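Colleague: Below you'll find the structure I mean.
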Amino acid sequence: MAILNPHHTWTPVFGFFEKNFKGQFPDYQAASLGALGMISDGCCDLMKHRLHNFLPTVIEALKSEEEMIKLSAWYALGEFAEHVHPDLEGYFSCILGAFIADASVEVKEVLYPVFTTICENMEGKLQPFLGSLMHKLTEDLKNADQLRELSLAAIAIIATAVRKDFEGHADSILKWMTNFMLVDKEDNLHTCANATEQIGIVALAVGRPFMNSWIDRIMKSAIKCFKKRRECTFGLFINVAKIMSSDFREYLPKVVDLAYASCEFLSPADEKAAAIKAIGLFALHIKDILNSLWRLSSYILVISI
């Protein structure tokens, strides 16, 4: 409805928000916030010019003592960040404060994806908040099993947003991520795969000079652990190849053997796709390597057909 008729949708929904958010009924207040979030995709152009009418109220609602209002405010803010792209720099201190203040793991599981989307849209503007951010995310990484994968993803997004400014935190984070990558317990394999993927993202964010002392350790660990997290490991290989360029040749024989095995007909489709993508990017970033890849050409041709 909002996408087809944004003008017809905006007026009644905003009227519902204005009337009910100021009322005394928490469920109506929460519903009015949720309604704003729901129409943000279809009404994004209209909302961009009216942010001053509702954004401060939504930000303030993040601190509500009523959980349903607070969660609805986070939901709405996440939808705004995804579709309307407001400039949240002036509000980020309040957003971060609300995020840090929530100690409940159950609530944090809802907040993390929203907070990560907001951070992604703050590229180039997160530096003043980096210390507080990393303190909280590292705390969740260490102490909350349920939040570990969410905090790993958030850390990688923040590293991408601040690039070289992340160097002061990268050593300790890479140490944690590498430890998670090497854990071999069945109930932790998803976290291991997630950590493997995020290491590659952090490596790409901080760049080759900083990563020189880490690359060999990471590559050997990733190759050792390859069998249990194949698809994510190819993502790590791709990002390391991007920062190393032709110097990646020293790892190429082993990585190509792994890609060859993943292109076998019995391998899962996602694994084959990741292997083929890796091969294409190796060819793009590493000169004169096509002779190393000739064994894979027939498999790729058959799979592509």
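Following the order of the structure tokens, first chain is A, next is B, and so on, with residues numbered from 1 inside each chain and ligands from 1 in the order they appear.
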For segment 128-141 of chain A, please output as a PyMOL selection string all residues within 9 Å (counting only C-alpha atoms; exclusion window: fewer than 3 positions along the same chain).

Modeller: chain A and resi 92-93+96+100+125+144-152+154-155+158+162+165-166+169+173+176

Colleague: Only N, CA and C atoms, please: the residues just picked out, written as a CSV table (one decimal), in the first residue's frame.

Modeller:
```
chain,number,residue,atom,x,y,z
A,92,PHE,N,23.7,10.2,17.4
A,92,PHE,CA,24.3,8.9,17.6
A,92,PHE,C,24.7,8.7,19.0
A,93,SER,N,25.1,9.8,19.7
A,93,SER,CA,25.5,9.6,21.1
A,93,SER,C,24.3,9.1,21.9
A,96,LEU,N,23.7,5.3,20.9
A,96,LEU,CA,24.8,4.5,21.5
A,96,LEU,C,24.5,4.3,23.0
A,100,ILE,N,23.9,0.8,24.8
A,100,ILE,CA,24.8,0.3,25.9
A,100,ILE,C,24.0,0.1,27.2
A,125,LYS,N,31.9,8.6,10.1
A,125,LYS,CA,31.4,9.4,11.2
A,125,LYS,C,31.4,8.7,12.6
A,144,ALA,N,28.8,-13.0,26.4
A,144,ALA,CA,27.4,-13.4,26.1
A,144,ALA,C,27.4,-14.4,24.9
A,145,ASP,N,27.3,-15.7,25.1
A,145,ASP,CA,27.3,-16.6,24.0
A,145,ASP,C,26.2,-16.3,23.0
A,146,GLN,N,25.0,-15.9,23.5
A,146,GLN,CA,23.9,-15.7,22.6
A,146,GLN,C,24.2,-14.5,21.6
A,147,LEU,N,25.0,-13.6,22.1
A,147,LEU,CA,25.3,-12.3,21.3
A,147,LEU,C,26.6,-12.4,20.5
A,148,ARG,N,27.3,-13.5,20.6
A,148,ARG,CA,28.6,-13.6,20.0
A,148,ARG,C,28.6,-13.4,18.5
A,149,GLU,N,27.8,-14.1,17.8
A,149,GLU,CA,27.7,-13.9,16.4
A,149,GLU,C,27.3,-12.5,16.0
A,150,LEU,N,26.3,-12.0,16.7
A,150,LEU,CA,25.8,-10.6,16.4
A,150,LEU,C,26.9,-9.6,16.6
A,151,SER,N,27.7,-9.8,17.7
A,151,SER,CA,28.8,-8.8,18.0
A,151,SER,C,29.9,-8.9,17.0
A,152,LEU,N,30.2,-10.2,16.5
A,152,LEU,CA,31.2,-10.4,15.5
A,152,LEU,C,30.8,-9.6,14.2
A,154,ALA,N,28.8,-7.1,13.9
A,154,ALA,CA,28.8,-5.6,14.2
A,154,ALA,C,30.2,-5.1,14.1
A,155,ILE,N,31.1,-5.8,14.7
A,155,ILE,CA,32.5,-5.4,14.7
A,155,ILE,C,33.1,-5.3,13.3
A,158,ILE,N,31.7,-2.2,11.7
A,158,ILE,CA,32.4,-1.0,12.2
A,158,ILE,C,33.8,-0.8,11.7
A,162,VAL,N,35.2,2.5,9.6
A,162,VAL,CA,36.3,3.4,10.1
A,162,VAL,C,37.7,3.1,9.5
A,165,ASP,N,41.4,3.6,11.1
A,165,ASP,CA,41.2,4.0,12.5
A,165,ASP,C,40.9,2.8,13.4
A,166,PHE,N,40.6,1.6,12.8
A,166,PHE,CA,40.3,0.4,13.5
A,166,PHE,C,41.6,-0.3,14.0
A,169,HIS,N,42.3,-1.3,17.6
A,169,HIS,CA,41.5,-2.4,18.2
A,169,HIS,C,41.7,-3.7,17.5
A,173,ILE,N,40.9,-7.9,18.6
A,173,ILE,CA,39.8,-8.5,17.9
A,173,ILE,C,40.2,-9.7,17.1
A,176,TRP,N,40.7,-12.7,19.2
A,176,TRP,CA,39.5,-13.4,19.6
A,176,TRP,C,38.8,-14.1,18.4
```

Colleague: Using only C-alpha atoms, which residues sit within 10 Å of segment 107-121 of chain A once same-chain residues fewer than 2 positions away are excluded, as JSON, numbers by chain?

Modeller: {"A": [67, 70, 71, 74, 75, 76, 77, 78, 79, 80, 81, 82, 85, 86, 87, 88, 89, 92, 95, 96, 99, 100, 102, 103, 104, 105, 123, 124, 125, 126, 140, 146, 147, 150, 151, 153, 154, 155, 156, 157, 158, 159, 160, 161, 162]}

Colleague: Which neighbours of Glu65 of chain A fall inside 12 Å, counting only C-alpha atoms, when residues of the same chain fewer than 3 positions from it are skipped, and could you give them as a PyMOL selection string?

Modeller: chain A and resi 26+60-62+68-71+73+98+101-102

Colleague: Selection from above, C-alpha atoms, as a compact mmCIF listing (two decimals), in the first residue's frame, can you write it?

Modeller:
```
# COMPACT_ATOMS: atom_id res chain seq x y z
CA PRO A 26 1.74 2.02 25.74
CA GLU A 60 13.76 9.68 22.69
CA ALA A 61 11.53 6.57 22.73
CA LEU A 62 14.67 4.37 22.65
CA MET A 68 7.22 -2.62 23.79
CA ILE A 69 7.72 1.09 23.11
CA LYS A 70 11.49 0.76 23.20
CA LEU A 71 11.52 -2.20 20.79
CA ALA A 73 11.33 2.61 18.42
CA ALA A 98 20.47 3.55 24.66
CA ALA A 101 22.20 0.85 28.65
CA ASP A 102 20.17 -2.23 27.66
```

Colleague: Just give me the gap between atom CA of Ile223 of chain A and atom CA of Gly207 of chain A in Å, one decimal is fine.

Modeller: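 These atoms are spaced 20.8 Å apart.
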
Colleague: Need to verify the contact set: Lys48 of chain A, 12 Å, only C-alpha atoms, exclusion of same-chain residues closer than 2 positions in sequence. Can you return it as a ChimeraX atom specification?

Modeller: /A:40-46,50-55,80-81,83-87

Colleague: May I have the residues within 8 Å of Leu236 of chain A as a ChimeraX atom specification, using only C-alpha atoms and disregarding those fewer than 5 positions away in the same chain?

Modeller: /A:196-201

Colleague: Cys232 of chain A: which residues within 9 Å, counting only C-alpha atoms, same-chain residues fewer than 5 positions away excluded, as a list of chain:residue names?

Modeller: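 Residues near the query, excluding close chain neighbours: A:Ala193, A:Asn194, A:Ala195, A:Thr196, A:Glu197, A:Gln198, A:Phe226, A:Phe237, A:Glu271, A:Ala274.
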
Colleague: Go ahead and write the selection's residues with all heavy atoms as a PDB file, in the first residue's frame.

Modeller:
```pdb
ATOM      1  N   ALA A 193      32.338 -20.440  11.796  1.00  0.00           N
ATOM      2  CA  ALA A 193      32.187 -20.006  10.405  1.00  0.00           C
ATOM      3  C   ALA A 193      32.030 -18.491  10.328  1.00  0.00           C
ATOM      4  O   ALA A 193      32.625 -17.827   9.464  1.00  0.00           O
ATOM      5  CB  ALA A 193      30.979 -20.704   9.776  1.00  0.00           C
ATOM      6  N   ASN A 194      31.229 -17.938  11.226  1.00  0.00           N
ATOM      7  CA  ASN A 194      31.023 -16.495  11.270  1.00  0.00           C
ATOM      8  C   ASN A 194      32.335 -15.767  11.531  1.00  0.00           C
ATOM      9  O   ASN A 194      32.669 -14.777  10.860  1.00  0.00           O
ATOM     10  CB  ASN A 194      29.998 -16.181  12.376  1.00  0.00           C
ATOM     11  CG  ASN A 194      29.467 -14.768  12.307  1.00  0.00           C
ATOM     12  OD1 ASN A 194      30.183 -13.839  11.967  1.00  0.00           O
ATOM     13  ND2 ASN A 194      28.204 -14.603  12.652  1.00  0.00           N
ATOM     14  N   ALA A 195      33.107 -16.242  12.507  1.00  0.00           N
ATOM     15  CA  ALA A 195      34.394 -15.614  12.827  1.00  0.00           C
ATOM     16  C   ALA A 195      35.337 -15.664  11.632  1.00  0.00           C
ATOM     17  O   ALA A 195      36.044 -14.691  11.334  1.00  0.00           O
ATOM     18  CB  ALA A 195      35.025 -16.306  14.033  1.00  0.00           C
ATOM     19  N   THR A 196      35.349 -16.800  10.924  1.00  0.00           N
ATOM     20  CA  THR A 196      36.202 -16.950   9.741  1.00  0.00           C
ATOM     21  C   THR A 196      35.879 -15.894   8.706  1.00  0.00           C
ATOM     22  O   THR A 196      36.772 -15.227   8.156  1.00  0.00           O
ATOM     23  CB  THR A 196      36.016 -18.360   9.134  1.00  0.00           C
ATOM     24  OG1 THR A 196      36.312 -19.342  10.133  1.00  0.00           O
ATOM     25  CG2 THR A 196      36.925 -18.566   7.940  1.00  0.00           C
ATOM     26  N   GLU A 197      34.591 -15.707   8.446  1.00  0.00           N
ATOM     27  CA  GLU A 197      34.163 -14.715   7.456  1.00  0.00           C
ATOM     28  C   GLU A 197      34.514 -13.303   7.892  1.00  0.00           C
ATOM     29  O   GLU A 197      34.994 -12.487   7.090  1.00  0.00           O
ATOM     30  CB  GLU A 197      32.656 -14.846   7.238  1.00  0.00           C
ATOM     31  CG  GLU A 197      32.119 -13.938   6.153  1.00  0.00           C
ATOM     32  CD  GLU A 197      30.648 -14.192   5.875  1.00  0.00           C
ATOM     33  OE1 GLU A 197      29.982 -14.886   6.676  1.00  0.00           O
ATOM     34  OE2 GLU A 197      30.155 -13.674   4.851  1.00  0.00           O
ATOM     35  N   GLN A 198      34.290 -12.988   9.177  1.00  0.00           N
ATOM     36  CA  GLN A 198      34.526 -11.618   9.656  1.00  0.00           C
ATOM     37  C   GLN A 198      36.014 -11.269   9.695  1.00  0.00           C
ATOM     38  O   GLN A 198      36.379 -10.111   9.538  1.00  0.00           O
ATOM     39  CB  GLN A 198      33.912 -11.426  11.050  1.00  0.00           C
ATOM     40  CG  GLN A 198      32.448 -11.809  11.196  1.00  0.00           C
ATOM     41  CD  GLN A 198      31.525 -11.226  10.153  1.00  0.00           C
ATOM     42  OE1 GLN A 198      31.834 -10.214   9.525  1.00  0.00           O
ATOM     43  NE2 GLN A 198      30.390 -11.871   9.944  1.00  0.00           N
ATOM     44  N   PHE A 226      39.462 -25.800   7.248  1.00  0.00           N
ATOM     45  CA  PHE A 226      38.631 -25.628   6.054  1.00  0.00           C
ATOM     46  C   PHE A 226      37.448 -26.593   5.982  1.00  0.00           C
ATOM     47  O   PHE A 226      36.345 -26.220   5.609  1.00  0.00           O
ATOM     48  CB  PHE A 226      39.505 -25.787   4.804  1.00  0.00           C
ATOM     49  CG  PHE A 226      38.732 -25.704   3.522  1.00  0.00           C
ATOM     50  CD1 PHE A 226      38.318 -24.473   3.035  1.00  0.00           C
ATOM     51  CD2 PHE A 226      38.405 -26.846   2.808  1.00  0.00           C
ATOM     52  CE1 PHE A 226      37.596 -24.387   1.857  1.00  0.00           C
ATOM     53  CE2 PHE A 226      37.684 -26.770   1.632  1.00  0.00           C
ATOM     54  CZ  PHE A 226      37.281 -25.538   1.159  1.00  0.00           C
ATOM     55  N   PHE A 237      39.592 -16.202   2.089  1.00  0.00           N
ATOM     56  CA  PHE A 237      40.651 -16.293   1.072  1.00  0.00           C
ATOM     57  C   PHE A 237      40.558 -15.137   0.070  1.00  0.00           C
ATOM     58  O   PHE A 237      41.570 -14.551  -0.322  1.00  0.00           O
ATOM     59  CB  PHE A 237      40.546 -17.620   0.312  1.00  0.00           C
ATOM     60  CG  PHE A 237      40.876 -18.841   1.137  1.00  0.00           C
ATOM     61  CD1 PHE A 237      40.401 -20.096   0.768  1.00  0.00           C
ATOM     62  CD2 PHE A 237      41.675 -18.754   2.268  1.00  0.00           C
ATOM     63  CE1 PHE A 237      40.713 -21.223   1.508  1.00  0.00           C
ATOM     64  CE2 PHE A 237      41.992 -19.876   3.021  1.00  0.00           C
ATOM     65  CZ  PHE A 237      41.501 -21.113   2.639  1.00  0.00           C
ATOM     66  N   GLU A 271      28.638 -24.045  -1.605  1.00  0.00           N
ATOM     67  CA  GLU A 271      30.089 -24.224  -1.531  1.00  0.00           C
ATOM     68  C   GLU A 271      30.712 -24.100  -2.919  1.00  0.00           C
ATOM     69  O   GLU A 271      31.749 -23.453  -3.098  1.00  0.00           O
ATOM     70  CB  GLU A 271      30.409 -25.584  -0.931  1.00  0.00           C
ATOM     71  CG  GLU A 271      31.900 -25.841  -0.768  1.00  0.00           C
ATOM     72  CD  GLU A 271      32.190 -27.239  -0.245  1.00  0.00           C
ATOM     73  OE1 GLU A 271      31.340 -27.794   0.490  1.00  0.00           O
ATOM     74  OE2 GLU A 271      33.268 -27.774  -0.570  1.00  0.00           O
ATOM     75  N   ALA A 274      30.757 -20.459  -3.947  1.00  0.00           N
ATOM     76  CA  ALA A 274      31.806 -19.720  -3.243  1.00  0.00           C
ATOM     77  C   ALA A 274      33.175 -20.023  -3.834  1.00  0.00           C
ATOM     78  O   ALA A 274      34.019 -19.132  -3.996  1.00  0.00           O
ATOM     79  CB  ALA A 274      31.777 -20.069  -1.756  1.00  0.00           C
TER      80      ALA A 274
END
```

Colleague: Nearest to Asp257 of chain A: which of A:Ile279, A:Ala205, A:Ser172, A:Asp216 is it, counting only C-alpha atoms?

Modeller: A:Ile279

Colleague: Quick one: residues within 8 Å of segment 4-14 of chain A, only C-alpha atoms counted, chain neighbours fewer than 2 positions away excluded, as a list in words?

Modeller: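 Those residues are Met1, Ala2, Phe16, Phe17, Glu18, Ser32, Ala35, Leu36, Ile39, Gly42, Cys43 and Leu46 of chain A.
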
Colleague: Assign secondary structure with DSSP using the backbone only, and return the residues of segment 65-131 of chain A in helix (DSSP H, G or I) as a PyMOL selection string.

Modeller: chain A and resi 67-84+89-101+105-120+127-131

Colleague: Using only C-alpha atoms, can you tell me which of A:Met181, A:Ile243, A:Cys94, A:Cys225 comes closest to Pro209 of chain A?

Modeller: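 Nearest candidate to Pro209 of chain A out of A:Met181, A:Ile243, A:Cys94, A:Cys225: A:Ile243.
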